[in-house]
Structures are given as C-alpha cells and as structure tokens.
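data07.csv (CSV, C-alpha atoms and all ligand atoms)
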```csv
chain,number,residue,atom,x,y,z
A,166,MET,CA,0.0,0.0,0.0
A,167,ASN,CA,1.4,3.4,-1.0
A,168,CYS,CA,0.6,6.8,0.5
A,169,LEU,CA,-2.2,7.6,-2.0
A,170,GLN,CA,-3.9,4.3,-1.4
A,171,ALA,CA,-3.6,4.8,2.4
A,172,GLU,CA,-5.3,8.2,2.1
A,173,GLU,CA,-8.2,6.6,0.3
A,174,HIS,CA,-8.9,4.5,3.3
A,175,PHE,CA,-8.8,7.2,5.9
A,176,SER,CA,-12.6,7.5,6.2
A,177,ALA,CA,-13.2,3.7,6.2
A,178,HIS,CA,-10.5,3.3,8.9
A,179,PHE,CA,-12.1,6.1,10.9
A,180,GLU,CA,-15.5,4.4,10.7
A,181,ASP,CA,-14.0,1.0,11.4
A,182,ALA,CA,-15.2,-0.3,8.1
A,183,LEU,CA,-12.0,-1.8,6.7
A,184,ASP,CA,-11.8,-5.5,6.1
A,185,TYR,CA,-9.2,-7.4,7.9
A,186,GLN,CA,-6.7,-7.6,5.1
A,187,THR,CA,-6.9,-3.9,4.2
A,188,LEU,CA,-6.7,-3.0,7.8
A,189,GLN,CA,-3.5,-4.9,8.2
A,190,ALA,CA,-2.0,-3.3,5.1
A,191,PHE,CA,-3.2,0.1,6.2
A,192,GLU,CA,-1.7,-0.2,9.7
A,193,ALA,CA,1.5,-1.6,8.3
A,194,HIS,CA,1.8,1.4,6.0
A,195,LEU,CA,1.1,3.9,8.8
A,196,ALA,CA,3.6,2.2,11.1
A,197,ALA,CA,6.3,2.7,8.4
A,198,CYS,CA,5.3,6.1,7.0
A,199,GLU,CA,5.6,9.1,9.3
A,200,GLY,CA,3.9,11.4,6.7
A,201,CYS,CA,0.8,9.3,6.6
A,202,ARG,CA,0.8,8.9,10.3
A,203,HIS,CA,0.8,12.7,10.7
A,204,GLU,CA,-1.9,13.3,8.0
A,205,HIS,CA,-4.0,10.6,9.5
A,206,ALA,CA,-3.9,12.2,13.0
A,207,LEU,CA,-4.9,15.5,11.5
A,208,PHE,CA,-7.6,13.9,9.5
A,209,GLN,CA,-9.2,12.3,12.6
A,210,GLU,CA,-8.9,15.5,14.5
A,211,SER,CA,-10.6,17.6,11.9
A,212,VAL,CA,-13.5,15.1,11.4
A,213,ILE,CA,-14.0,15.0,15.1
A,214,ALA,CA,-14.0,18.8,15.2
A,215,ALA,CA,-16.7,18.9,12.5
A,216,GLN,CA,-18.8,16.3,14.3
A,217,GLN,CA,-18.6,18.3,17.5
A,218,LEU,CA,-19.9,21.5,16.0
A,219,PRO,CA,-22.9,22.6,18.2
A,220,GLN,CA,-26.4,22.2,16.9
A,221,ILE,CA,-27.9,25.5,15.7
A,222,GLY,CA,-31.2,26.1,17.5
A,223,THR,CA,-34.5,27.2,16.2
A,224,SER,CA,-35.8,30.7,16.8
A,225,PRO,CA,-39.1,31.1,18.6
A,226,TYR,CA,-40.5,32.8,15.5
A,227,PHE,CA,-40.0,29.7,13.3
A,228,MET,CA,-43.1,27.7,14.2
A,229,PRO,CA,-45.6,30.6,14.3
A,230,ALA,CA,-44.3,31.9,11.0
A,231,LEU,CA,-44.5,28.5,9.4
A,232,GLN,CA,-48.0,27.8,10.6
A,233,GLN,CA,-49.1,31.1,9.2
A,234,ARG,CA,-47.7,30.2,5.8
A,235,LEU,CA,-49.1,26.7,6.0
A,236,ALA,CA,-52.6,28.1,6.7
A,237,GLU,CA,-52.4,29.8,3.3
A,238,GLU,CA,-51.4,26.7,1.5
A,239,GLN,CA,-53.5,23.7,0.5
A,240,PRO,CA,-52.0,20.2,0.0
A,241,GLU,CA,-52.0,19.4,-3.7
A,242,ARG,CA,-54.7,17.0,-4.7
A,243,LEU,CA,-53.5,14.2,-6.9
A,244,SER,CA,-55.1,13.9,-10.3
A,245,PHE,CA,-57.0,10.7,-11.1
A,246,TRP,CA,-54.1,9.4,-13.2
A,247,ARG,CA,-51.5,10.1,-10.6
A,248,GLN,CA,-53.6,8.2,-8.0
A,249,LEU,CA,-53.9,5.4,-10.5
A,250,ILE,CA,-50.2,5.3,-11.1
A,251,GLN,CA,-49.6,5.3,-7.4
A,252,VAL,CA,-51.9,2.3,-6.9
A,253,VAL,CA,-50.4,0.5,-9.8
A,254,ASN,CA,-46.9,1.1,-8.4
A,255,ARG,CA,-47.7,-1.1,-5.5
A,256,PRO,CA,-46.2,-4.5,-6.3
A,257,ARG,CA,-49.3,-6.7,-5.6
A,258,TRP,CA,-51.6,-4.3,-7.6
A,259,ALA,CA,-49.1,-4.1,-10.4
A,260,PHE,CA,-49.1,-7.9,-10.6
A,261,SER,CA,-52.9,-8.2,-10.5
A,262,GLY,CA,-53.2,-5.5,-13.1
A,263,MET,CA,-50.7,-7.2,-15.3
A,264,MET,CA,-52.6,-10.5,-15.1
A,265,LEU,CA,-55.9,-8.8,-15.8
A,266,LEU,CA,-54.4,-7.0,-18.8
A,267,ILE,CA,-53.0,-10.3,-20.2
A,268,PHE,CA,-56.4,-12.0,-19.6
A,269,ALA,CA,-58.3,-9.2,-21.4
A,270,ALA,CA,-55.9,-9.1,-24.3
A,271,ALA,CA,-56.1,-12.9,-24.7
A,272,SER,CA,-60.0,-12.8,-24.5
A,273,ILE,CA,-60.2,-10.2,-27.3
A,274,TYR,CA,-57.7,-12.0,-29.4
A,275,PHE,CA,-59.5,-15.4,-29.2
A,276,TYR,CA,-62.9,-13.8,-29.6
A,277,HIS,CA,-61.9,-12.1,-32.9
A,278,ARG,CA,-60.0,-15.0,-34.2
A,279,ASP,CA,-63.0,-17.3,-33.7
A,280,ILE,CA,-65.3,-15.0,-35.7
A,281,VAL,CA,-62.9,-14.5,-38.6
A,282,ASP,CA,-62.3,-18.2,-38.8
A,283,TRP,CA,-66.0,-19.0,-39.0
A,284,ASN,CA,-66.9,-16.4,-41.6
A,285,ALA,CA,-63.8,-15.9,-43.7
A,286,ARG,CA,-64.0,-18.1,-46.7
A,287,PRO,CA,-67.6,-17.9,-47.9
A,288,THR,CA,-68.0,-14.2,-47.2
A,289,ALA,CA,-64.8,-13.2,-48.8
A,290,ILE,CA,-65.6,-14.9,-52.1
A,291,ARG,CA,-69.2,-13.7,-52.1
A,292,ASP,CA,-68.3,-10.1,-51.4
A,293,THR,CA,-65.4,-9.9,-53.8
A,294,GLN,CA,-67.7,-11.1,-56.5
A,295,THR,CA,-70.3,-8.6,-55.5
A,296,SER,CA,-68.0,-5.6,-55.5
A,297,GLN,CA,-66.4,-6.5,-58.8
A,298,GLN,CA,-69.9,-6.9,-60.4
A,299,GLU,CA,-70.9,-3.5,-59.1
A,300,GLY,CA,-67.6,-2.0,-60.6
A,301,GLN,CA,-66.7,-0.7,-57.2
A,302,VAL,CA,-63.2,0.7,-56.8
A,303,THR,CA,-61.5,-1.0,-53.8
A,304,ARG,CA,-58.5,0.6,-52.4
A,305,PRO,CA,-55.6,-1.8,-51.9
A,306,LEU,CA,-54.6,-2.4,-48.4
A,307,ARG,CA,-51.1,-1.3,-47.5
A,308,THR,CA,-48.9,-3.2,-45.2
A,309,GLY,CA,-49.4,-2.5,-41.5
A,310,LEU,CA,-52.9,-1.1,-41.9
A,311,SER,CA,-55.1,-2.3,-39.1
A,312,ALA,CA,-58.5,-3.6,-39.4
A,313,VAL,CA,-60.2,-0.5,-38.0
A,314,PRO,CA,-59.5,2.0,-40.8
A,315,THR,CA,-60.3,-0.6,-43.3
A,316,LEU,CA,-63.7,-1.1,-41.8
A,317,ASN,CA,-64.4,2.6,-41.9
A,318,ASN,CA,-63.1,2.9,-45.5
A,319,SER,CA,-65.2,0.1,-46.7
A,320,ARG,CA,-68.2,1.6,-45.1
A,321,GLN,CA,-67.6,4.9,-46.8
A,322,PHE,CA,-66.8,3.6,-50.2
A,323,SER,CA,-69.6,1.0,-50.5
A,324,PRO,CA,-73.0,2.3,-51.2
A,325,GLY,CA,-74.1,-1.2,-51.8
A,326,SER,CA,-77.1,-3.0,-50.3
A,327,SER,CA,-75.1,-5.9,-48.9
A,328,MET,CA,-72.8,-3.8,-46.7
A,329,SER,CA,-75.3,-2.5,-44.3
A,330,SER,CA,-76.7,-5.9,-43.7
A,331,GLN,CA,-73.5,-7.6,-43.0
A,332,PRO,CA,-71.5,-7.9,-39.8
A,333,MET,CA,-68.3,-5.9,-39.5
A,334,GLN,CA,-66.0,-8.8,-39.5
A,335,GLN,CA,-67.1,-9.7,-43.0
A,336,HIS,CA,-66.0,-6.3,-44.4
A,337,TYR,CA,-62.6,-6.8,-42.8
A,338,VAL,CA,-62.2,-10.1,-44.7
A,339,LEU,CA,-63.5,-8.4,-47.9
A,340,LYS,CA,-60.6,-5.9,-47.9
A,341,THR,CA,-58.0,-8.6,-47.3
A,342,VAL,CA,-59.2,-10.5,-50.3
A,343,SER,CA,-59.5,-7.3,-52.4
A,344,TYR,CA,-55.8,-6.7,-51.8
A,345,ALA,CA,-54.9,-10.0,-53.3
A,346,SER,CA,-57.1,-9.5,-56.3
A,347,THR,CA,-56.5,-5.8,-57.1
A,348,PRO,CA,-53.4,-4.3,-58.7
A,349,THR,CA,-51.3,-2.4,-56.2
A,350,ARG,CA,-50.7,0.5,-58.6
A,351,GLY,CA,-47.1,0.8,-57.9
A,352,GLY,CA,-45.5,0.4,-54.6
A,353,LEU,CA,-46.8,0.0,-51.1
B,118,MET,CA,-38.1,7.1,14.4
B,119,SER,CA,-38.9,6.5,10.7
B,120,GLU,CA,-41.8,4.3,11.6
B,121,LEU,CA,-43.4,7.1,13.6
B,122,ASP,CA,-42.7,9.5,10.7
B,123,ASP,CA,-44.4,7.1,8.3
B,124,GLU,CA,-47.4,6.9,10.6
B,125,LEU,CA,-47.6,10.7,11.0
B,126,MET,CA,-47.4,11.1,7.2
B,127,GLN,CA,-50.2,8.6,6.7
B,128,ARG,CA,-52.3,10.4,9.3
B,129,PHE,CA,-51.7,13.7,7.5
B,130,GLN,CA,-52.5,12.1,4.2
B,131,LYS,CA,-55.9,11.2,5.7
B,132,GLY,CA,-56.5,14.8,6.6
B,133,ASP,CA,-55.0,15.1,10.1
B,134,GLU,CA,-53.0,18.4,9.8
B,135,GLY,CA,-51.9,18.1,13.5
B,136,ALA,CA,-49.8,15.1,12.4
B,137,PHE,CA,-47.9,17.4,10.0
B,138,THR,CA,-47.2,19.9,12.8
B,139,LEU,CA,-45.8,17.1,14.8
B,140,LEU,CA,-43.5,16.1,12.0
B,141,VAL,CA,-42.3,19.7,11.7
B,142,ARG,CA,-41.6,19.8,15.4
B,143,ARG,CA,-39.6,16.6,15.2
B,144,HIS,CA,-37.5,17.7,12.3
B,145,GLN,CA,-37.2,21.5,12.4
B,146,GLN,CA,-34.1,21.6,14.5
B,147,PRO,CA,-31.9,19.2,12.5
B,148,LEU,CA,-33.2,20.7,9.3
B,149,ILE,CA,-32.3,24.3,10.3
B,150,ASN,CA,-28.9,23.1,11.5
B,151,PHE,CA,-28.3,21.3,8.2
B,152,ILE,CA,-29.2,24.3,6.1
B,153,ALA,CA,-27.3,26.8,8.3
B,154,ARG,CA,-24.2,24.7,8.2
B,155,PHE,CA,-24.5,24.0,4.5
B,156,ILE,CA,-25.1,27.6,3.3
B,157,ASN,CA,-23.3,29.1,6.3
B,158,ASP,CA,-26.1,31.5,6.9
B,159,ARG,CA,-28.3,31.2,9.9
B,160,ASP,CA,-30.8,33.9,9.0
B,161,SER,CA,-31.7,32.3,5.6
B,162,ALA,CA,-31.7,28.9,7.1
B,163,GLU,CA,-35.1,29.4,8.7
B,164,ASP,CA,-36.6,30.7,5.5
B,165,LEU,CA,-35.3,27.8,3.6
B,166,ALA,CA,-36.5,25.3,6.2
B,167,GLN,CA,-40.0,26.8,6.0
B,168,GLU,CA,-39.9,26.5,2.3
B,169,THR,CA,-38.9,22.9,2.6
B,170,PHE,CA,-41.7,22.1,5.0
B,171,ILE,CA,-44.2,23.9,2.7
B,172,ARG,CA,-43.1,21.9,-0.3
B,173,MET,CA,-43.5,18.7,1.8
B,174,PHE,CA,-46.9,19.9,3.0
B,175,LYS,CA,-48.1,20.5,-0.6
B,176,ALA,CA,-46.6,17.3,-2.0
B,177,ALA,CA,-47.4,15.1,0.9
B,178,HIS,CA,-49.8,13.0,-1.1
B,179,ARG,CA,-47.0,11.8,-3.3
B,180,TYR,CA,-45.1,10.4,-0.3
B,181,GLN,CA,-45.3,6.6,-0.1
B,182,PRO,CA,-44.4,5.1,3.2
B,183,GLY,CA,-41.9,2.3,2.8
B,184,ARG,CA,-40.6,3.6,-0.5
B,185,ALA,CA,-38.8,6.6,0.9
B,186,ARG,CA,-38.0,7.8,4.4
B,187,PHE,CA,-39.3,11.0,5.6
B,188,ASN,CA,-35.9,12.4,6.5
B,189,THR,CA,-34.2,11.5,3.2
B,190,TRP,CA,-37.1,13.1,1.4
B,191,MET,CA,-36.8,16.2,3.6
B,192,TYR,CA,-33.0,16.5,3.1
B,193,HIS,CA,-33.4,16.0,-0.7
B,194,ILE,CA,-35.8,18.9,-1.0
B,195,ALA,CA,-33.8,21.1,1.3
B,196,SER,CA,-30.5,20.3,-0.5
B,197,ASN,CA,-32.1,21.4,-3.8
B,198,LEU,CA,-33.5,24.5,-2.3
B,199,CYS,CA,-30.1,25.4,-0.8
B,200,LYS,CA,-28.3,24.8,-4.1
B,201,ASN,CA,-30.7,27.1,-5.9
B,202,GLU,CA,-30.3,29.7,-3.2
B,203,LEU,CA,-26.5,29.6,-3.5
B,204,ARG,CA,-26.7,29.8,-7.3
B,205,ASN,CA,-29.0,32.8,-7.0
B,206,ARG,CA,-26.7,34.6,-4.7
B,207,GLY,CA,-23.9,34.4,-7.1
B,208,ARG,CA,-20.2,34.2,-6.5
B,209,ARG,CA,-19.5,37.4,-4.6
B,210,ASP,CA,-21.5,36.7,-1.4
B,211,ARG,CA,-22.0,33.0,-1.9
B,212,TYR,CA,-20.5,31.9,1.4
B,213,ARG,CA,-21.0,35.1,3.3
B,214,VAL,CA,-17.9,34.3,5.4
B,215,GLU,CA,-16.7,37.8,5.2
B,216,ASN,CA,-20.0,39.3,6.2
B,217,VAL,CA,-20.3,36.9,9.1
B,218,VAL,CA,-16.9,37.8,10.4
B,219,SER,CA,-17.2,41.5,9.9
B,220,ASN,CA,-20.6,41.7,11.5
B,221,GLY,CA,-19.2,39.8,14.4
B,222,ARG,CA,-21.9,37.2,14.1
B,223,ASP,CA,-21.0,33.6,13.3
B,224,ALA,CA,-23.3,30.8,12.4
B,225,ASP,CA,-23.7,29.9,16.1
B,226,GLY,CA,-25.3,33.2,16.6
B,227,ASP,CA,-22.4,34.4,18.7
B,228,THR,CA,-21.9,38.2,18.7
B,229,GLU,CA,-18.3,38.3,19.8
B,230,GLN,CA,-16.1,39.6,17.0
B,231,VAL,CA,-13.2,37.3,16.4
B,232,ASP,CA,-11.1,37.4,13.3
B,233,LEU,CA,-10.8,33.8,12.1
B,234,ILE,CA,-7.5,34.1,10.4
B,235,ALA,CA,-5.8,36.1,13.1
B,236,SER,CA,-7.2,33.9,15.8
B,237,ALA,CA,-4.9,31.0,14.8
B,238,PRO,CA,-2.2,30.6,17.4
B,239,ALA,CA,0.7,32.6,16.1
B,240,ASP,CA,2.9,32.2,19.1
B,241,ALA,CA,3.8,28.9,20.7
B,242,SER,CA,4.1,30.6,24.1
B,243,PHE,CA,0.5,31.9,23.7
B,244,GLN,CA,-1.8,30.0,26.2
B,245,PRO,CA,-5.4,30.7,25.2
B,246,ASP,CA,-8.3,30.0,27.4
B,247,VAL,CA,-9.7,26.6,26.6
B,248,GLN,CA,-13.2,28.0,25.9
B,249,LEU,CA,-11.9,30.6,23.6
B,250,GLU,CA,-9.8,28.1,21.8
B,251,ARG,CA,-12.8,25.8,21.3
B,252,LYS,CA,-14.9,28.7,20.0
B,253,GLU,CA,-12.2,29.6,17.5
B,254,LEU,CA,-11.8,26.1,16.4
B,255,ARG,CA,-15.5,25.9,15.7
B,256,LYS,CA,-15.4,29.1,13.7
B,257,ALA,CA,-12.4,27.8,11.7
B,258,VAL,CA,-14.2,24.5,11.1
B,259,GLN,CA,-17.3,26.3,9.9
B,260,LYS,CA,-15.3,28.5,7.6
B,261,ALA,CA,-13.4,25.5,6.2
B,262,ILE,CA,-16.6,23.7,5.6
B,263,ALA,CA,-18.1,26.7,3.9
B,264,GLU,CA,-15.1,26.9,1.6
B,265,LEU,CA,-15.4,23.3,0.3
B,266,PRO,CA,-16.9,22.9,-3.2
B,267,GLU,CA,-20.6,22.3,-3.0
B,268,GLU,CA,-20.5,18.7,-4.2
B,269,TYR,CA,-18.1,17.8,-1.4
B,270,ARG,CA,-19.6,20.1,1.3
B,271,LEU,CA,-23.1,18.6,1.0
B,272,PRO,CA,-22.2,14.9,1.7
B,273,LEU,CA,-19.8,16.0,4.5
B,274,VAL,CA,-22.4,18.1,6.3
B,275,LEU,CA,-25.0,15.2,5.9
B,276,ARG,CA,-22.5,12.7,7.3
B,277,ASP,CA,-20.5,14.5,9.9
B,278,ILE,CA,-22.9,17.1,11.1
B,279,GLN,CA,-26.3,15.5,10.5
B,280,GLY,CA,-25.1,11.9,11.2
B,281,LEU,CA,-26.8,10.3,8.2
B,282,SER,CA,-25.7,6.9,7.1
B,283,TYR,CA,-23.9,6.4,3.7
B,284,ASP,CA,-27.0,4.7,2.4
B,285,GLU,CA,-29.2,7.7,3.4
B,286,ILE,CA,-26.8,10.2,1.9
B,287,SER,CA,-26.8,8.2,-1.4
B,288,LYS,CA,-30.6,8.5,-1.5
B,289,VAL,CA,-30.7,12.2,-0.6
B,290,LEU,CA,-28.1,13.1,-3.3
B,291,GLU,CA,-29.1,10.4,-5.7
B,292,LEU,CA,-25.5,9.1,-5.9
B,293,ARG,CA,-24.1,5.6,-6.1
B,294,SER,CA,-22.8,4.4,-2.8
B,295,GLY,CA,-19.2,4.2,-4.1
B,296,THR,CA,-19.4,7.9,-5.2
B,297,THR,CA,-20.9,8.9,-1.8
B,298,LYS,CA,-18.0,7.2,0.0
B,299,SER,CA,-15.3,8.7,-2.1
B,300,ARG,CA,-16.8,12.2,-2.0
B,301,ILE,CA,-17.0,12.0,1.8
B,302,ASN,CA,-13.4,10.9,2.1
B,303,ARG,CA,-12.3,13.6,-0.4
B,304,ALA,CA,-14.3,16.2,1.5
B,305,ARG,CA,-12.7,15.2,4.8
B,306,LEU,CA,-9.2,15.3,3.3
B,307,MET,CA,-9.9,18.8,2.0
B,308,LEU,CA,-11.2,19.8,5.4
B,309,LYS,CA,-8.1,18.5,7.0
B,310,ASP,CA,-5.9,20.5,4.6
B,311,LYS,CA,-7.8,23.7,5.3
B,312,LEU,CA,-7.6,23.2,9.1
B,313,LYS,CA,-3.9,22.2,9.0
B,314,SER,CA,-2.7,25.7,9.8
B,315,PHE,CA,-5.1,25.9,12.7
B,316,MET,CA,-4.4,22.5,14.2
B,317,GLU,CA,-0.7,22.1,13.6
B,318,PRO,CA,1.4,23.8,16.3
B,319,LEU,CA,3.9,26.1,14.6
A,401,ZN,ZN,2.4,7.1,3.4
```
Translate the structure of the given file into structure tokens.
Amino acid sequence: MNCLQAEEHFSAHFEDALDYQTLQAFEAHLAACEGCRHEHALFQESVIAAQQLPQIGTSPYFMPALQQRLAEEQPERLSFWRQLIQVVNRPRWAFSGMMLLIFAAASIYFYHRDIVDWNARPTAIRDTQTSQQEGQVTRPLRTGLSAVPTLNNSRQFSPGSSMSSQPMQQHYVLKTVSYASTPTRGGL
Amino acid sequence: MSELDDELMQRFQKGDEGAFTLLVRRHQQPLINFIARFINDRDSAEDLAQETFIRMFKAAHRYQPGRARFNTWMYHIASNLCKNELRNRGRRDRYRVENVVSNGRDADGDTEQVDLIASAPADASFQPDVQLERKELRKAVQKAIAELPEEYRLPLVLRDIQGLSYDEISKVLELRSGTTKSRINRARLMLKDKLKSFMEPL
C-alpha cells in the first residue's frame, strides 16, 4: 500500500469499516510512514471537530411563521391518473393489473380469431364477387394497416345494399381478399 | 423514528393536519442546523427550512411510506433549495464568510467579534483560554466547511454534522454508494488541509 492508497482508506478506517486484510496493510503502512501517520492524525482531529460543531437552535418565530404560511397553503390534490399510477406502483396491484391485462388481451384475441375463422371463406368470395360486379373501386390495403381504418373505409366507399346488412368482420375479410385480387398501382 | 414519521405522514394524508405539525416539530431543528451549516447563513436557514416544509406539505400525497424515508425526502428537498439559493446569490456573497466575520456574528449566533485568520495561534508561548480556543476552532471548522466545493460540502455536512448513514446520503443526493463514500473521504481530506494551519502547532 502506498501513501495515496492509504489516504483513500482514511474514512473507512475512521469508521471501522475496513476488512481485515486492508486494515493490516493500512496499519503496516502507517507504522512505516511518518507522513501518513501525521496526516491521519490531523484527519481524525478535523473530522471530530466537524462532528462536534454545536447544533444550531430554532428561533421562537419559526413555528408561528411556518404555521401562518401553511394556513395559506393547500395540500396538492393528486389527479386521477396520478392516483392510479400510485396504486399500480404497489407491487401486488401491479401484478394483479398485469394479469388482468393479459387476460383481457387474450380474450379479445381469441374472440376475434374465432369470428374470422367462421366467416372468412364464404363471405370473402361472395363479397369480392359482388364488388367486382358493381364496378366498385376497392383501395388496396397497405402493409401494416389495421382492421379498423379498413372497416371505416369500406363503409364509406360502399353504397351497396349488402354492406349495411353484414357484420363488420365480413368487411374486414373483404378488404383482405381485395388486396390480393386488385393491382397495387405501384408500390406500397 | 422513521416508523413514527411514516405513521404521521399517513395520518396527514388522511387529513390530520396536526400530524404534520408534529412532523415539523420533530425535524425542524436538524433541518435548520443542516441548512445553516451548508449555506453558512443562519438567517436564511429558517426561511429555507420553512420553504422545505411547505413543499412537503403541498406534495405530501406523493409520499409513499416504505418507498422513501421522511428524512431523506426532507434533506433531498432542502438540498435542492439550498443549491438554488446559493446559485441565485452568485459568487460574490456566496458563502458570506466575510459578512459573518465583519458583523461579528457567526453561524452559532455568537456576537463576539473574532477574526478567524488572526485567531490561529501565532505564538507557541500563547496559552489561550480553553473555551476561547474551542470557539475559535468551531469558527475555523465552519469557515473551512463553507469553503469546500458544494458537491463535497453537501455529503460532508450530511455525514459528519447530521449523522446520516452512507445509504441515506446516497438516497438524498441520488448518488451511487461508491461515489458517496469517495466524496465524503475527499471532503474530509480537504477539510483536514484547510484546518492544518489551525491545528498544527507552529
Ligand atoms: Zn504514506
């Protein structure tokens, strides 16, 4: 251990926080190095002097003045979202919330998948045929488009009789099939 | 101590304002001491302590027992207020050491005028009164602390004057524990160097 390393351990030695090996090396260095011994003594003396500074008292005006100021203040009310975040931040609520969310997402997923599976084929073929017969311009789907805008579009663009009478899921399938059967007109 | 603080905060959160008054009574003295020692200004310390408590009062609903301790939260707010205050004061009167000395009023509220520099023993044959020597040492220590750079002064005051643990200081200052330890050691070494002329017999 050199002088610089010894200096690094002054605080830990002062607080009795050195492990046995470091303590041995530290004390061996101090025993051999007069400079560090002297600095170490000064170090301890100044830390003790700082620790022995008297506590500064409170004036008698402090509390009345504070109470007067507090009387003019209102504790902030947390917004609904902050309250929610605080509740969710608690571990057990966070876990329950997460499970609920997963359950809800799974339910929605399976519900939709089931409907699409049941209706996909026949509706798609029927609707494609219908729209082609009516000469309707179907916009090609672009990659990444979700089902929702497609549903809205198909509603707007189809004046036909069949649209209003059919469930939404059928329109979704219609668009998917239209994509395959309609030219993309250059690029996605 | 922290359990009672938590309980009082929970009572306050439920609308018991007396619980907050009790919290203030429990923490006002250490807080004022901390601020006065850190900014080296007793008069402003009470204003800043009031501001700290007002901020805690207003934001009490954000306090979550068990996640933070009342006193680390308090010191965190107070430290930031002090840093802002020092920044606003600017360089010239940042530490107010000269004012304190020339007004003959030190941070302890003593009114006796003692020149800190001249008070160091200049003559080995000089036998000062023990009380006077202690008083002068205190002033020298306060002056030396006030001269430390802020990032070293703050952890030193929290550790050696307020007696916080390393873990608490890391939380107050949002530092890693290794950084806290090395800053405290560095701060103490600086303090030692500043007090050397006062402590070493010539
Ligand atoms: Zn050495």
Q.
Could you list, as a PyMOL selection string, all protein and nucleic acid residues with an atom at most 9 Å from ligand ZN 401 (chain A), counting only C-alpha atoms and all ligand atoms?
A. chain A and resi 166-172+194-195+197-202+204
Q: Just need the residues of chain B within 9 Å of chain A, counting only C-alpha atoms, so spit them out as a PyMOL selection string.
A: chain B and resi 138+141-142+145-147+149-151+153-154+159+163-164+167-168+170-171+173-179+181+224-226+254-255+258-259+262+274+276-280+298-299+301-303+305-306+308-310+312-313+316-317
Q: Write out as a list in words the residues lying within 8 Å of B:Thr297, counting all atoms listed in the file and excluding same-chain residues fewer than 6 positions away.
A: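 My reading of the contact set: Pro272, Tyr283, Ile286 and Ser287 of chain B.
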Q) Quick one: distance from atom CA of A:Gln186 to atom CA of B:Leu275 in Å, one decimal? A) 29.2 Å
Q | Within 12 Å of B:Asn201 using only C-alpha atoms, minus same-chain residues under 6 positions, as a list in words | A |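 Returned residues: Ile156, Leu165, Ile194, Ala195, Gly207, Arg211 and Glu267 of chain B.
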Q | Interatomic distance, atom CA of A:Met264 to atom CA of B:Arg184 (Å, one decimal) | A |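 Value for the atom CA of A:Met264-atom CA of B:Arg184 distance: 23.6 Å.
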Q | Atom-to-atom span, atom CA of A:Phe260 and atom CA of A:Phe275, Å | A |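 We find that atom CA of A:Phe260 and atom CA of A:Phe275 lie 22.6 Å from each other.
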**Q.** Non-local contacts of B:His193 (9 Å; only C-alpha atoms; under 5 positions in same chain excluded) as a VMD selection string
**A.** chain B and resid 188 198 288 to 291
Dump as a compact mmCIF listing (two decimals), in the coordinates of the input, selection limited to C-alpha atoms:
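Just written: part.txt:
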```txt
# COMPACT_ATOMS: atom_id res chain seq x y z
CA ASN B 188 -35.90 12.40 6.50
CA LEU B 198 -33.50 24.50 -2.30
CA LYS B 288 -30.60 8.50 -1.50
CA VAL B 289 -30.70 12.20 -0.60
CA LEU B 290 -28.10 13.10 -3.30
CA GLU B 291 -29.10 10.40 -5.70
```
